[in-house]
Amino acid sequence: MLAFNRILPWSTENDGVYGGAYTEVMRELARRSGMTLQIKPCPLRRCLFMLEQGDADVMIGVRETPRRSAYLQFLQTPYREHSADRVFYVRKGGNIVINEYADLAPLRIGVKFGAEHVRRIEHDCNLRKEAVKDMEANFQKLALGRIDAVLIPEDQGEAVVAELHMEDQVEKAAYRMVDDGPPRAVAVSRKAVSPERLAALESAMRDMQKSGAIAAIYKRYYYDAYHIAPGSMLVR
């Protein structure tokens, strides 16, 4: 069972239909490993609890941390070598300029509730971070002038801006922050998945990477779907 946490644009849900590049990666992984994929939607904390208890088998889109490693093991072959840079969107034509970290101090910065950021942002209690449940709400607040900037991974930001047709209203500031986390890999419940099934998942993910299947999924369900130029640094 896949513990499914909605992460636009990677894991999407519309009227019970689950899509997005990450979801398609998991469908292909299940097919190649000879397993049937069942999808259980859940908030992030609930998804992690299900994995810890052995009520779900796998999850994609979650970072490895020391706490999570106690009940999760991550496949050796990542589905992404690097996460996208964190960028700041501001109103196009406005007076907000972000050229360096110090420029963030006086700003109201929109973030997503529960989202993980680079360590410097996470530990800076002086920044005025205003959290909402989804990034679409943040961009609407930005357009209305209720916040000064939106902090978001660049890959997600490009897709959300395209989906909301806000290209003429917002733009990326010059300052960006390189993600300092490890490569992203599929998380597997230690309690639910046997060593034999884990080996099958490892083998299938290796084959997907070597055959170009992962790159093809990103092209179809991310680059082509959101009209983002292939070859950009957003997915590596």
# chains A, B, ... in the order shown; residues from 1 in each chain; ligands from 1
call {"tool": "select_by_dssp", "arguments": {"residues": "stretch 35-217 of chain A", "states": "helix (DSSP H, G or I)", "output": "ChimeraX atom specification"}}
result
/A:44-53,66-69,101-104,119-122,135-143,154-164,195-211,213-217
call {"tool": "residues_around", "arguments": {"residues": "A:Arg68", "least_positions_apart": "6", "cutoff": "12 Å", "atoms": "only C-alpha atoms", "output": "list in words"}}
result
Arg45, Cys47, Leu48, Phe49, Leu51, Glu52, Val62, Phe74, Ala187, Val188, Ser189 and Arg190 of chain A
call {"tool": "write_last_selection", "arguments": {"atoms": "N, CA and C atoms", "output": "PDB file, in the first residue's frame"}}
result
ATOM      1  N   ARG A  45       1.536  13.519   8.549  1.00  0.00           N
ATOM      2  CA  ARG A  45       1.775  12.866   9.832  1.00  0.00           C
ATOM      3  C   ARG A  45       1.080  11.520   9.922  1.00  0.00           C
ATOM      4  N   CYS A  47       0.322   9.576   7.332  1.00  0.00           N
ATOM      5  CA  CYS A  47       1.050   8.673   6.440  1.00  0.00           C
ATOM      6  C   CYS A  47       2.261   8.069   7.149  1.00  0.00           C
ATOM      7  N   LEU A  48       3.022   8.916   7.818  1.00  0.00           N
ATOM      8  CA  LEU A  48       4.216   8.442   8.521  1.00  0.00           C
ATOM      9  C   LEU A  48       3.854   7.487   9.659  1.00  0.00           C
ATOM     10  N   PHE A  49       2.766   7.775  10.358  1.00  0.00           N
ATOM     11  CA  PHE A  49       2.317   6.900  11.438  1.00  0.00           C
ATOM     12  C   PHE A  49       1.925   5.527  10.886  1.00  0.00           C
ATOM     13  N   LEU A  51       3.120   4.083   8.210  1.00  0.00           N
ATOM     14  CA  LEU A  51       4.352   3.380   7.876  1.00  0.00           C
ATOM     15  C   LEU A  51       5.036   2.833   9.125  1.00  0.00           C
ATOM     16  N   GLU A  52       5.025   3.625  10.183  1.00  0.00           N
ATOM     17  CA  GLU A  52       5.645   3.198  11.431  1.00  0.00           C
ATOM     18  C   GLU A  52       4.946   1.983  12.010  1.00  0.00           C
ATOM     19  N   VAL A  62       9.118  11.964   0.786  1.00  0.00           N
ATOM     20  CA  VAL A  62       9.393  12.257   2.191  1.00  0.00           C
ATOM     21  C   VAL A  62      10.901  12.170   2.416  1.00  0.00           C
ATOM     22  N   PHE A  74      15.225   3.410   3.226  1.00  0.00           N
ATOM     23  CA  PHE A  74      15.094   4.102   1.949  1.00  0.00           C
ATOM     24  C   PHE A  74      15.853   3.336   0.868  1.00  0.00           C
ATOM     25  N   ALA A 187      10.624   5.632   0.457  1.00  0.00           N
ATOM     26  CA  ALA A 187      10.650   5.155   1.839  1.00  0.00           C
ATOM     27  C   ALA A 187       9.860   3.854   1.952  1.00  0.00           C
ATOM     28  N   VAL A 188      10.407   2.899   2.682  1.00  0.00           N
ATOM     29  CA  VAL A 188       9.797   1.580   2.844  1.00  0.00           C
ATOM     30  C   VAL A 188       9.638   1.281   4.332  1.00  0.00           C
ATOM     31  N   SER A 189       8.463   0.817   4.715  1.00  0.00           N
ATOM     32  CA  SER A 189       8.205   0.494   6.115  1.00  0.00           C
ATOM     33  C   SER A 189       9.005  -0.723   6.545  1.00  0.00           C
ATOM     34  N   ARG A 190       9.805  -0.570   7.599  1.00  0.00           N
ATOM     35  CA  ARG A 190      10.573  -1.706   8.121  1.00  0.00           C
ATOM     36  C   ARG A 190       9.644  -2.801   8.659  1.00  0.00           C
TER      37      ARG A 190
END
call {"tool": "residues_around", "arguments": {"residues": "A:Leu198", "least_positions_apart": "5", "cutoff": "9 Å", "atoms": "only C-alpha atoms", "output": "list in words"}}
result
Leu75, Val188, Val193 and Ser203 of chain A
call {"tool": "write_last_selection", "arguments": {"atoms": "N, CA, C and O atoms", "output": "compact mmCIF listing (two decimals), in the first residue's frame"}}
result
# COMPACT_ATOMS: atom_id res chain seq x y z
N LEU A 75 15.23 3.20 -0.29
CA LEU A 75 15.87 2.46 -1.37
C LEU A 75 17.22 3.10 -1.71
O LEU A 75 17.40 4.31 -1.61
N VAL A 188 10.41 2.90 2.68
CA VAL A 188 9.80 1.58 2.84
C VAL A 188 9.64 1.28 4.33
O VAL A 188 10.57 1.48 5.12
N VAL A 193 7.35 -4.48 5.20
CA VAL A 193 7.95 -5.03 3.98
C VAL A 193 9.05 -6.04 4.33
O VAL A 193 9.99 -5.72 5.06
N SER A 203 15.70 -3.82 -6.92
CA SER A 203 16.04 -4.23 -8.28
C SER A 203 15.21 -3.47 -9.31
O SER A 203 15.74 -3.01 -10.33
call {"tool": "select_by_dssp", "arguments": {"residues": "stretch 23-233 of chain A", "states": "strand (DSSP E or B)", "output": "PyMOL selection string"}}
result
chain A and resi 39-41+58-59+72-74+80+86-91+108-112+128-132+149-153+170-177+184+187-189
call {"tool": "residues_around", "arguments": {"residues": "A:Leu44", "least_positions_apart": "6", "cutoff": "9 Å", "atoms": "only C-alpha atoms", "output": "PyMOL selection string"}}
result
chain A and resi 3-6+62+114
call {"tool": "residues_around", "arguments": {"residues": "A:Leu29", "least_positions_apart": "5", "cutoff": "10 Å", "atoms": "only C-alpha atoms", "output": "list of chain:residue names"}}
result
A:Thr23, A:Glu24, A:Gly34, A:Met35, A:Thr36, A:Leu37, A:Val186, A:Ala200, A:Leu201, A:Glu202, A:Ser203, A:Ala204, A:Met205, A:Arg206, A:Asp207, A:Met208, A:Ala213, A:Ile214
call {"tool": "residues_around", "arguments": {"residues": "A:Ala173", "least_positions_apart": "6", "cutoff": "7 Å", "atoms": "only C-alpha atoms", "output": "list in words"}}
result
Phe88, Tyr89, Val90, Val97 and Ile98 of chain A
call {"tool": "closest_residue", "arguments": {"among": "A:Ser33, A:Gln140, A:Gln169, A:Thr77", "to": "A:Lys92", "atoms": "only C-alpha atoms"}}
result
A:Gln169
call {"tool": "residues_around", "arguments": {"residues": "A:Ala192", "least_positions_apart": "6", "cutoff": "9 Å", "atoms": "only C-alpha atoms", "output": "MDAnalysis selection string"}}
result
chainID A and resid 51:58
call {"tool": "write_last_selection", "arguments": {"atoms": "all heavy atoms", "output": "compact mmCIF listing (two decimals), in the first residue's frame"}}
result
# COMPACT_ATOMS: atom_id res chain seq x y z
N LEU A 51 3.12 4.08 8.21
CA LEU A 51 4.35 3.38 7.88
C LEU A 51 5.04 2.83 9.12
O LEU A 51 5.54 1.71 9.14
CB LEU A 51 5.30 4.32 7.13
CG LEU A 51 4.87 4.71 5.71
CD1 LEU A 51 5.62 5.95 5.26
CD2 LEU A 51 5.10 3.57 4.73
N GLU A 52 5.03 3.62 10.18
CA GLU A 52 5.65 3.20 11.43
C GLU A 52 4.95 1.98 12.01
O GLU A 52 5.59 1.06 12.54
CB GLU A 52 5.64 4.34 12.43
CG GLU A 52 6.37 4.04 13.73
CD GLU A 52 6.50 5.24 14.64
OE1 GLU A 52 5.85 6.28 14.36
OE2 GLU A 52 7.24 5.16 15.63
N GLN A 53 3.61 1.95 11.90
CA GLN A 53 2.83 0.85 12.46
C GLN A 53 2.77 -0.36 11.53
O GLN A 53 2.26 -1.42 11.93
CB GLN A 53 1.41 1.33 12.76
CG GLN A 53 1.34 2.41 13.82
CD GLN A 53 1.88 1.95 15.15
OE1 GLN A 53 1.47 0.92 15.68
NE2 GLN A 53 2.82 2.70 15.71
N GLY A 54 3.24 -0.20 10.30
CA GLY A 54 3.16 -1.30 9.34
C GLY A 54 1.82 -1.37 8.63
O GLY A 54 1.51 -2.39 7.99
N ASP A 55 1.01 -0.31 8.70
CA ASP A 55 -0.29 -0.28 8.02
C ASP A 55 -0.17 0.19 6.58
O ASP A 55 -1.15 0.16 5.83
CB ASP A 55 -1.26 0.63 8.77
CG ASP A 55 -1.57 0.10 10.16
OD1 ASP A 55 -1.57 -1.14 10.33
OD2 ASP A 55 -1.79 0.90 11.08
N ALA A 56 0.99 0.68 6.18
CA ALA A 56 1.29 1.04 4.80
C ALA A 56 2.70 0.55 4.50
O ALA A 56 3.52 0.36 5.41
CB ALA A 56 1.19 2.55 4.58
N ASP A 57 2.98 0.32 3.22
CA ASP A 57 4.26 -0.28 2.84
C ASP A 57 5.29 0.75 2.39
O ASP A 57 6.47 0.65 2.77
CB ASP A 57 4.04 -1.27 1.69
CG ASP A 57 3.07 -2.37 2.06
OD1 ASP A 57 3.32 -3.07 3.05
OD2 ASP A 57 2.05 -2.53 1.35
N VAL A 58 4.88 1.71 1.58
CA VAL A 58 5.84 2.61 0.94
C VAL A 58 5.28 4.03 0.88
O VAL A 58 4.06 4.26 0.99
CB VAL A 58 6.17 2.15 -0.51
CG1 VAL A 58 6.96 0.84 -0.48
CG2 VAL A 58 4.91 2.01 -1.34
call {"tool": "closest_residue", "arguments": {"among": "A:Leu72, A:Val160, A:Ala149, A:Ile121", "to": "A:Thr12", "atoms": "only C-alpha atoms"}}
result
A:Val160
call {"tool": "atom_distance", "arguments": {"atom1": "atom CA of A:Pro41", "atom2": "atom CA of A:Trp10"}}
result
14.1 Å
call {"tool": "closest_residue", "arguments": {"among": "A:Phe139, A:Arg67, A:Leu107, A:Asn14", "to": "A:Ala162", "atoms": "only C-alpha atoms"}}
result
A:Phe139
call {"tool": "closest_residue", "arguments": {"among": "A:Ser11, A:Ser194, A:Asn99, A:Thr65", "to": "A:Arg176", "atoms": "only C-alpha atoms"}}
result
A:Asn99
call {"tool": "closest_residue", "arguments": {"among": "A:Glu81, A:Glu64, A:Val150, A:Ala215", "to": "A:Lys172", "atoms": "only C-alpha atoms"}}
result
A:Val150
call {"tool": "atom_distance", "arguments": {"atom1": "atom CA of A:Met1", "atom2": "atom CA of A:Gly157"}}
result
28.8 Å
call {"tool": "closest_residue", "arguments": {"among": "A:Ile152, A:Leu164, A:Ile147, A:Ala137", "to": "A:Arg91", "atoms": "only C-alpha atoms"}}
result
A:Ile147
call {"tool": "closest_atom_pairs", "arguments": {"of": "stretch 31-78 of chain A", "to": "stretch 83-87 of chain A", "cutoff": "12 Å", "atoms": "only C-alpha atoms", "output": "JSON lines"}}
result
{"residue": "A:Gly61", "atom": "CA", "partner": "A:Ser83", "partner_atom": "CA", "distance": 10.3}
{"residue": "A:Val62", "atom": "CA", "partner": "A:Ser83", "partner_atom": "CA", "distance": 11.4}
{"residue": "A:Arg63", "atom": "CA", "partner": "A:Ser83", "partner_atom": "CA", "distance": 10.2}
{"residue": "A:Pro78", "atom": "CA", "partner": "A:Ser83", "partner_atom": "CA", "distance": 11.1}
call {"tool": "atom_distance", "arguments": {"atom1": "atom CA of A:Arg31", "atom2": "atom CA of A:Tyr222"}}
result
20.7 Å
call {"tool": "decode", "arguments": {"residues": "stretch 58-90 of chain A", "atoms": "C-alpha atoms", "output": "PDB file, in the first residue's frame"}}
result
ATOM      1  CA  VAL A  58       5.835   2.614   0.936  1.00  0.00           C
ATOM      2  CA  MET A  59       5.820   6.378   0.483  1.00  0.00           C
ATOM      3  CA  ILE A  60       7.427   8.807  -1.953  1.00  0.00           C
ATOM      4  CA  GLY A  61       8.249  12.466  -1.420  1.00  0.00           C
ATOM      5  CA  VAL A  62       9.393  12.257   2.191  1.00  0.00           C
ATOM      6  CA  ARG A  63      12.873  13.151   3.453  1.00  0.00           C
ATOM      7  CA  GLU A  64      15.103  10.803   5.397  1.00  0.00           C
ATOM      8  CA  THR A  65      15.746  11.918   8.978  1.00  0.00           C
ATOM      9  CA  PRO A  66      17.296  10.097  11.964  1.00  0.00           C
ATOM     10  CA  ARG A  67      13.877   9.773  13.599  1.00  0.00           C
ATOM     11  CA  ARG A  68      12.257   8.352  10.481  1.00  0.00           C
ATOM     12  CA  SER A  69      15.138   5.964   9.815  1.00  0.00           C
ATOM     13  CA  ALA A  70      14.129   4.083  12.962  1.00  0.00           C
ATOM     14  CA  TYR A  71      11.033   2.763  11.181  1.00  0.00           C
ATOM     15  CA  LEU A  72      11.775   3.478   7.515  1.00  0.00           C
ATOM     16  CA  GLN A  73      14.423   2.200   5.157  1.00  0.00           C
ATOM     17  CA  PHE A  74      15.094   4.102   1.949  1.00  0.00           C
ATOM     18  CA  LEU A  75      15.869   2.465  -1.374  1.00  0.00           C
ATOM     19  CA  GLN A  76      19.500   2.749  -2.417  1.00  0.00           C
ATOM     20  CA  THR A  77      18.611   4.001  -5.892  1.00  0.00           C
ATOM     21  CA  PRO A  78      17.035   7.470  -5.634  1.00  0.00           C
ATOM     22  CA  TYR A  79      14.220   8.718  -7.803  1.00  0.00           C
ATOM     23  CA  ARG A  80      15.903  12.154  -7.683  1.00  0.00           C
ATOM     24  CA  GLU A  81      19.572  12.917  -7.188  1.00  0.00           C
ATOM     25  CA  HIS A  82      18.914  16.452  -5.960  1.00  0.00           C
ATOM     26  CA  SER A  83      15.971  18.432  -4.706  1.00  0.00           C
ATOM     27  CA  ALA A  84      15.227  21.751  -6.363  1.00  0.00           C
ATOM     28  CA  ASP A  85      16.604  25.031  -5.104  1.00  0.00           C
ATOM     29  CA  ARG A  86      14.361  26.990  -2.748  1.00  0.00           C
ATOM     30  CA  VAL A  87      13.305  30.218  -4.417  1.00  0.00           C
ATOM     31  CA  PHE A  88      11.279  33.274  -3.468  1.00  0.00           C
ATOM     32  CA  TYR A  89       8.424  34.510  -5.637  1.00  0.00           C
ATOM     33  CA  VAL A  90       7.483  38.184  -5.391  1.00  0.00           C
TER      34      VAL A  90
END
